[in-house]
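Structure file start-v8.cif; described as mmCIF, C-alpha atoms and all ligand atoms.
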data_data
#
loop_
_atom_site.label_atom_id
_atom_site.label_comp_id
_atom_site.auth_asym_id
_atom_site.auth_seq_id
_atom_site.Cartn_x
_atom_site.Cartn_y
_atom_site.Cartn_z
CA MET A 498 4.26 59.44 12.60
CA ASP A 499 8.01 59.61 12.03
CA PRO A 500 10.43 57.38 13.90
CA LEU A 501 12.23 58.93 16.87
CA ASP A 502 15.92 58.23 17.52
CA LEU A 503 16.48 58.78 21.26
CA SER A 504 20.25 59.22 20.78
CA THR A 505 19.78 62.36 18.71
CA ALA A 506 16.29 63.62 19.71
CA SER A 507 15.82 66.32 22.37
CA TRP A 508 13.49 65.80 25.34
CA THR A 509 10.94 68.06 23.67
CA ASP A 510 11.06 65.86 20.56
CA ALA A 511 10.48 62.85 22.83
CA ALA A 512 7.57 64.60 24.55
CA ALA A 513 5.95 65.26 21.18
CA HIS A 514 6.16 61.58 20.17
CA ASP A 515 2.97 59.54 20.42
CA GLY A 516 4.60 56.80 22.48
CA GLY A 517 3.53 53.20 22.14
CA LEU A 518 6.25 51.18 20.47
CA ALA A 519 10.03 51.18 20.95
CA VAL A 520 12.93 49.16 19.59
CA LEU A 521 15.96 48.45 21.81
CA PRO A 522 19.05 47.11 20.00
CA VAL A 523 21.21 44.81 22.14
CA GLY A 524 24.61 43.54 21.07
CA SER A 525 27.88 42.30 22.47
CA THR A 526 31.54 43.31 22.45
CA GLU A 527 33.41 40.12 21.64
CA GLN A 528 35.86 38.58 19.24
CA HIS A 529 34.59 37.91 15.72
CA GLY A 530 37.79 36.56 14.18
CA PRO A 531 40.73 38.63 12.96
CA HIS A 532 38.72 40.18 10.13
CA LEU A 533 35.62 41.59 11.88
CA PRO A 534 35.30 44.20 14.66
CA LEU A 535 34.64 43.33 18.31
CA GLY A 536 31.47 45.40 18.06
CA THR A 537 29.96 43.25 15.27
CA ASP A 538 26.87 42.15 17.21
CA ALA A 539 26.05 45.69 18.37
CA LEU A 540 26.61 47.11 14.86
CA THR A 541 24.44 44.48 13.15
CA ALA A 542 21.65 44.79 15.76
CA ARG A 543 21.68 48.55 15.27
CA ALA A 544 21.67 48.32 11.47
CA VAL A 545 18.74 45.87 11.44
CA ALA A 546 16.85 47.97 14.02
CA GLU A 547 17.30 51.16 11.99
CA ALA A 548 16.28 49.51 8.74
CA GLY A 549 13.27 47.77 10.36
CA VAL A 550 12.04 50.99 11.96
CA GLU A 551 12.45 52.75 8.62
CA ALA A 552 10.46 50.06 6.81
CA CYS A 553 7.60 50.15 9.34
CA SER A 554 4.64 52.50 8.98
CA ALA A 555 4.09 52.87 12.76
CA GLY A 556 6.06 55.71 14.42
CA VAL A 557 8.62 53.76 16.43
CA CYS A 558 11.08 55.01 19.06
CA LEU A 559 14.63 53.74 18.51
CA ALA A 560 16.49 53.44 21.84
CA PRO A 561 20.31 53.55 22.17
CA THR A 562 22.18 50.25 21.69
CA VAL A 563 23.23 48.16 24.71
CA PRO A 564 26.84 47.36 23.72
CA VAL A 565 27.95 44.61 26.17
CA GLY A 566 26.14 41.31 26.69
CA ILE A 567 26.67 37.75 27.91
CA ALA A 568 29.89 36.66 26.20
CA ALA A 569 32.20 34.98 28.72
CA GLU A 570 32.48 32.05 26.27
CA HIS A 571 34.83 34.22 24.17
CA ARG A 572 36.97 35.59 27.04
CA GLN A 573 40.26 33.99 25.94
CA PHE A 574 40.21 36.25 22.88
CA ALA A 575 41.59 39.74 23.54
CA GLY A 576 39.18 42.64 23.75
CA THR A 577 36.10 40.55 24.61
CA LEU A 578 33.89 42.06 27.33
CA TRP A 579 30.96 40.54 29.19
CA VAL A 580 28.57 40.88 32.10
CA SER A 581 26.90 38.10 34.09
CA PRO A 582 23.43 36.91 33.06
CA GLU A 583 22.06 38.38 36.33
CA THR A 584 23.50 41.83 35.60
CA PHE A 585 22.35 41.70 31.99
CA ARG A 586 18.80 40.70 32.92
CA ALA A 587 18.56 43.44 35.56
CA TYR A 588 20.07 46.14 33.32
CA VAL A 589 18.06 45.39 30.19
CA SER A 590 14.87 44.99 32.28
CA GLU A 591 15.36 48.42 33.83
CA VAL A 592 16.07 50.04 30.46
CA ILE A 593 12.78 48.56 29.20
CA GLU A 594 10.94 49.73 32.32
CA SER A 595 12.21 53.26 31.81
CA LEU A 596 11.01 53.16 28.19
CA ALA A 597 7.59 52.03 29.48
CA TYR A 598 7.55 54.85 32.03
CA GLN A 599 8.16 57.31 29.18
CA GLY A 600 5.15 55.96 27.29
CA TRP A 601 6.73 53.27 25.10
CA GLU A 602 5.05 50.33 26.78
CA LYS A 603 5.65 47.91 23.93
CA VAL A 604 9.33 47.15 23.43
CA ILE A 605 10.96 44.92 20.83
CA VAL A 606 14.52 44.01 21.80
CA VAL A 607 16.54 43.63 18.57
CA ASN A 608 19.30 41.21 19.48
CA GLY A 609 22.53 40.53 17.60
CA HIS A 610 24.16 37.92 19.86
CA GLY A 611 23.30 34.26 20.49
CA GLY A 612 24.63 34.35 24.06
CA ASN A 613 21.92 36.86 25.01
CA LEU A 614 19.04 34.68 23.81
CA ASN A 615 18.05 32.80 26.97
CA ALA A 616 18.31 35.83 29.23
CA LEU A 617 16.27 37.98 26.84
CA ALA A 618 13.50 35.40 26.55
CA GLU A 619 13.37 35.13 30.33
CA LEU A 620 13.42 38.85 31.13
CA CYS A 621 10.92 39.78 28.42
CA GLY A 622 8.52 37.08 29.64
CA THR A 623 8.81 38.28 33.24
CA LEU A 624 8.25 41.95 32.37
CA THR A 625 5.22 41.09 30.26
CA ARG A 626 3.63 38.75 32.83
CA ASP A 627 4.19 41.33 35.58
CA GLU A 628 2.60 43.93 33.25
CA ARG A 629 5.60 46.23 33.63
CA ALA A 630 5.85 46.39 29.81
CA TYR A 631 5.01 44.24 26.80
CA ALA A 632 8.47 43.08 25.72
CA LEU A 633 9.57 40.59 23.06
CA PRO A 634 13.03 39.61 21.82
CA PHE A 635 13.75 39.57 18.08
CA THR A 636 17.06 37.98 17.07
CA TRP A 637 17.79 39.05 13.52
CA PHE A 638 19.68 35.93 12.43
CA ASP A 639 16.80 33.70 13.56
CA ALA A 640 14.54 35.63 11.16
CA ILE A 641 16.51 34.90 7.99
CA GLU A 642 16.25 31.89 5.73
CA ASP A 643 20.01 31.17 5.71
CA ARG A 644 20.28 30.93 9.48
CA SER A 645 21.94 27.51 9.36
CA GLU A 646 24.99 29.34 7.95
CA MET A 647 25.18 31.78 10.87
CA GLY A 648 28.34 30.41 12.57
CA HIS A 649 30.44 33.11 14.21
CA GLY A 650 32.27 35.74 12.20
CA GLY A 651 31.31 33.40 9.36
CA PRO A 652 29.43 33.78 6.06
CA ILE A 653 26.37 35.64 7.35
CA GLU A 654 27.99 38.21 9.65
CA THR A 655 30.83 38.86 7.23
CA ALA A 656 28.40 39.43 4.35
CA LEU A 657 26.09 41.64 6.42
CA LEU A 658 28.95 43.83 7.65
CA ARG A 659 30.27 44.14 4.10
CA GLY A 660 26.89 45.64 3.31
CA THR A 661 26.53 47.91 6.36
CA HIS A 662 30.12 48.75 7.45
CA PRO A 663 32.50 47.71 4.63
CA GLU A 664 35.30 49.86 6.06
CA LEU A 665 35.36 47.61 9.17
CA VAL A 666 35.83 44.31 7.30
CA ARG A 667 39.56 43.52 7.06
CA GLU A 668 39.49 41.81 3.67
CA GLY A 669 43.24 41.07 3.84
CA ARG A 670 42.70 38.90 6.92
CA ILE A 671 39.99 36.60 5.53
CA GLU A 672 42.59 33.89 4.82
CA LYS A 673 43.87 34.17 8.39
CA ALA A 674 40.30 33.84 9.61
CA ARG A 675 39.83 30.65 7.59
CA GLN A 676 42.96 29.03 9.02
CA GLY A 677 41.95 27.42 12.29
CA MET A 678 38.27 28.15 11.90
CA ALA A 679 35.67 25.59 13.01
CA GLU A 680 33.02 24.14 10.72
CA ARG A 681 30.38 24.25 13.43
CA TRP A 682 29.82 25.66 16.88
CA GLY A 683 31.01 23.40 19.75
CA GLU A 684 31.91 19.74 20.15
CA TRP A 685 28.80 17.62 20.47
CA VAL A 686 28.26 14.19 22.02
CA ALA A 687 24.78 12.83 22.72
CA GLY A 688 23.26 16.26 22.14
CA VAL A 689 25.62 17.86 24.67
CA ASN A 690 28.23 20.49 23.82
CA LEU A 691 31.46 19.51 25.61
CA ALA A 692 33.08 22.90 24.95
CA VAL A 693 32.31 25.70 27.39
CA ASP A 694 34.58 28.29 25.74
CA SER A 695 34.87 28.98 22.01
CA ALA A 696 38.68 28.75 22.25
CA GLU A 697 38.25 24.99 22.73
CA PHE A 698 37.11 24.48 19.14
CA THR A 699 38.23 27.47 17.07
CA ASP A 700 41.76 28.90 16.83
CA SER A 701 40.92 32.01 14.81
CA GLY A 702 37.64 32.58 16.68
CA VAL A 703 35.66 31.94 13.51
CA VAL A 704 32.93 29.35 12.90
CA GLY A 705 31.81 28.93 9.27
CA ASP A 706 33.74 30.02 6.18
CA PRO A 707 33.87 33.83 5.74
CA GLY A 708 35.56 33.32 2.36
CA SER A 709 32.92 31.06 0.82
CA GLU A 710 31.56 31.80 -2.63
CA ALA A 711 28.14 32.80 -1.29
CA THR A 712 29.74 35.22 1.17
CA ASN A 713 31.73 36.83 -1.61
CA ASP A 714 28.61 37.67 -3.59
CA GLY A 715 28.70 41.46 -3.30
CA GLU A 716 24.92 41.72 -2.96
CA ARG A 717 24.44 39.24 -0.14
CA GLY A 718 24.89 41.81 2.63
CA GLU A 719 22.21 44.10 1.28
CA ALA A 720 19.85 41.18 0.74
CA LEU A 721 20.37 39.95 4.31
CA LEU A 722 19.74 43.40 5.73
CA ALA A 723 16.56 43.78 3.67
CA GLU A 724 15.33 40.34 4.72
CA ALA A 725 15.95 40.93 8.43
CA ALA A 726 14.48 44.45 8.25
CA ALA A 727 11.32 43.22 6.52
CA ALA A 728 10.85 40.55 9.22
CA LEU A 729 11.31 43.15 11.95
CA ALA A 730 8.93 45.58 10.24
CA ALA A 731 6.25 42.87 10.04
CA LEU A 732 6.71 42.17 13.75
CA LEU A 733 6.51 45.87 14.61
CA GLU A 734 3.30 46.30 12.61
CA ALA A 735 1.73 43.29 14.36
CA VAL A 736 2.76 44.48 17.83
CA ALA A 737 1.59 48.05 17.13
CA GLU A 738 -1.89 46.65 16.45
CA ARG A 739 -1.96 44.14 19.25
CA GLU A 740 -3.98 44.37 22.44
CA THR A 741 -1.31 43.45 25.02
CA GLY A 742 -3.15 43.30 28.35
CA ARG A 743 -3.02 39.92 30.13
CA PRO A 744 -6.06 37.66 29.81
CA ALA A 745 -8.31 37.48 32.89
CA ARG A 746 -8.08 34.40 35.12
CA LYS A 747 -10.61 31.75 34.09
ZN ZN B 801 28.21 37.84 16.29
#
How would this structure read if it were set down as C-alpha cells?
Ligand SMILES: [Zn+2]
Amino acid sequence: MDPLDLSTASWTDAAAHDGGLAVLPVGSTEQHGPHLPLGTDALTARAVAEAGVEACSAGVCLAPTVPVGIAAEHRQFAGTLWVSPETFRAYVSEVIESLAYQGWEKVIVVNGHGGNLNALAELCGTLTRDERAYALPFTWFDAIEDRSEMGHGGPIETALLRGTHPELVREGRIEKARQGMAERWGEWVAGVNLAVDSAEFTDSGVVGDPGSEATNDGERGEALLAEAAAALAALLEAVAERETGRPARK
C-alpha cells in the first residue's frame, strides 16, 4: 500500500486508502537565531515525517503539518507565534479524532519542538485511554544519538536544515548567530531553571554552536535525517502490527 499525502490527495484517493495508521507532523513558528527560518520546527517535523513514511512498508497517511505550537518562551524575538497549552491540546486532539473518524485510528504525532512535549504526551495519553484513538508522540531529536547537542538553532537543527532546505540557511549570518549564543538552555540552580523566557539567556536566540566543526560536515544533515527517519519507520512498523485495544479490568 502506498503512502497517502492528505494535502495533495483527493477525497476519492482518501476513500480508497486502507486506513489504519497516520502521521501528523507538529511544529512551531518561532525564532531560531538570525540564520534559520521561523518555521524550522515545522519544516524539520515535516521532513522527518515524509522520510519516515517513505521508509516504512505499511501504507501510512501523512496529515498536514500543524504550524504553530507552544512557544511563548521565545516571544521577545520578532515573528514568534504561539498558542496556549489548552488551545494546543484541544486543537491537536480534535485533529487526531477527525483522523480516527476517517479510519486512521492509530496516529503518530511527529513533533519538531521541545515546548510541545508535555502537552503532546498528555493529550495522546488521554485520547488513547478514552479509546478515541491510539496516539503516540514521536519527537525526532529525542530519537537521535547526538541529542545532547540539540540546543536551539544550534548544531543539530542547522545541520538538518542544510540537508533538507539549504536555501533557507543564511550561511552569512552564522557568525552573528554565534555572537551572544548560549552554551546550554536556561540558567539552572538546584535542578531548577530560573529563566522563563529564552531572551534571559541568549542574545542571538541560539543555544549551541551552529558553526562547530561537526555542524559544518556537509553530510551531517543527511545522516541526521536518515537516522530520525529510520527510528520513525521502526515505530510505524511496530504500531501497524500492534493490537491497541485497552486491557480488560482485572
Ligand atoms: Zn527548533
Proximity of chain A to ligand ZN 801 (chain B): per-residue shortest pair, 6 Å limit, only C-alpha atoms and all ligand atoms, as CSV:
residue,atom,partner,partner_atom,distance
A:Thr537,CA,B:ZN801,ZN,5.8
A:Asp538,CA,B:ZN801,ZN,4.6
A:His610,CA,B:ZN801,ZN,5.4
A:His649,CA,B:ZN801,ZN,5.6
Worksheet item: Using all atoms listed in the file, which of the listed residues (A:Gly702, A:Gly660, A:Gly517, A:Gly688) sits closest to A:Glu602?
Response: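 Answer, going by the shortest atom-to-atom distance: A:Gly517.
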Sorted per-residue table, stretch 608-677 of chain A near stretch 566-569 of chain A, closest atoms and distance, 9 Å, all atoms listed in the file, as a tab-separated table:
residue	atom	partner	partner_atom	distance
A:His610	CA	A:Gly566	CA	7.9
A:Gly611	CA	A:Ile567	CA	8.9
A:Gly612	CA	A:Ile567	CA	5.5
A:Asn613	CA	A:Ile567	CA	5.6
A:Ala616	CA	A:Ile567	CA	8.7
Discussion item. Could you check which residues have any atom within 10 Å of (38.7, 28.7, 21.0), counting only C-alpha atoms with coordinates taken straight from the file, and then list them as a list in words?
Written reply: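 Answer for this query, in the requested form: Glu570, His571, Arg572, Gln573, Phe574, Gly677, Met678, Ala679, Gly683, Ala692, Val693, Asp694, Ser695, Ala696, Glu697, Phe698, Thr699, Asp700, Ser701, Gly702, Val703 and Val704 of chain A.
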Worksheet entry | Which residue of A:Ser645, A:Gln528, A:Pro582, A:Thr625 approaches A:Pro744 most closely, using only C-alpha atoms |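 Closest to A:Pro744, using only C-alpha atoms: A:Thr625.
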Worksheet item: Given the choices A:Glu684, A:Arg743, A:Thr584, A:Ala720, which gets closest to A:Glu642 if the distance is worked out from all atoms listed in the file?
Response: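 The answer is A:Ala720, which sits nearest to A:Glu642.
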Worksheet item: With all atoms listed in the file as the atoms that count, which of A:Arg644, A:Gly556, A:Gly742, A:Gly651 lies nearest to A:Asp627?
Response: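 That would be A:Gly742, the residue with the smallest distance to A:Asp627.
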Discussion item. Show me, as a ChimeraX atom specification, the residues that have an atom within 12 Å of A:Glu619 when counting all atoms listed in the file, minus same-chain residues fewer than 2 positions from it.
Written reply: /A:582-583,585-587,589-590,613-617,621-626,632-634
Discussion item. Report, in Å with one decimal, the straight-line distance from atom CA of A:His662 to atom CA of A:Leu533.
Written reply: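 These two atoms are separated by 10.1 Å.
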Practice prompt. Pick out the closest residue to A:Arg675 from this set: A:Leu540, A:His532, A:Glu724, A:Gly609. Count all atoms listed in the file.
Written response: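 Answer, going by the shortest atom-to-atom distance: A:His532.
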Practice prompt. Give me, please, the distance in Å between atom CA of A:Asp706 and atom CA of A:Thr562, quoted to one decimal.
Written response: 28.0 Å
Practice prompt. Counting all atoms listed in the file, figure out which residue out of A:Arg670, A:Lys747, A:Arg629, A:His514 gets nearest to A:Pro534.
Written response: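 Among A:Arg670, A:Lys747, A:Arg629, A:His514, it is A:Arg670 that comes nearest to A:Pro534.
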Discussion item. Would you pick out the contacts of A:Ala727 at 9 Å or less, using all atoms listed in the file, so that residues sharing its chain but fewer than 6 positions from it are not included, and give the list as a PyMOL selection string?
Written reply: chain A and resi 548-549+552-553
Item to complete: Provide the atom CA of A:Gly600 to atom CA of A:Ala555 distance in Å, to one decimal place.
Response: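 Calculated distance between atom CA of A:Gly600 and atom CA of A:Ala555 is 14.9 Å.
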Please return the centre and edge lengths, in Å to one decimal, of a box with edges along x, y and z that contains all listed atoms of stretch 537-550 of chain A, widened by 4 Å on every side, as JSON.
{"center_x": 21.0, "center_y": 46.7, "center_z": 13.6, "size_x": 25.9, "size_y": 17.0, "size_z": 17.6}
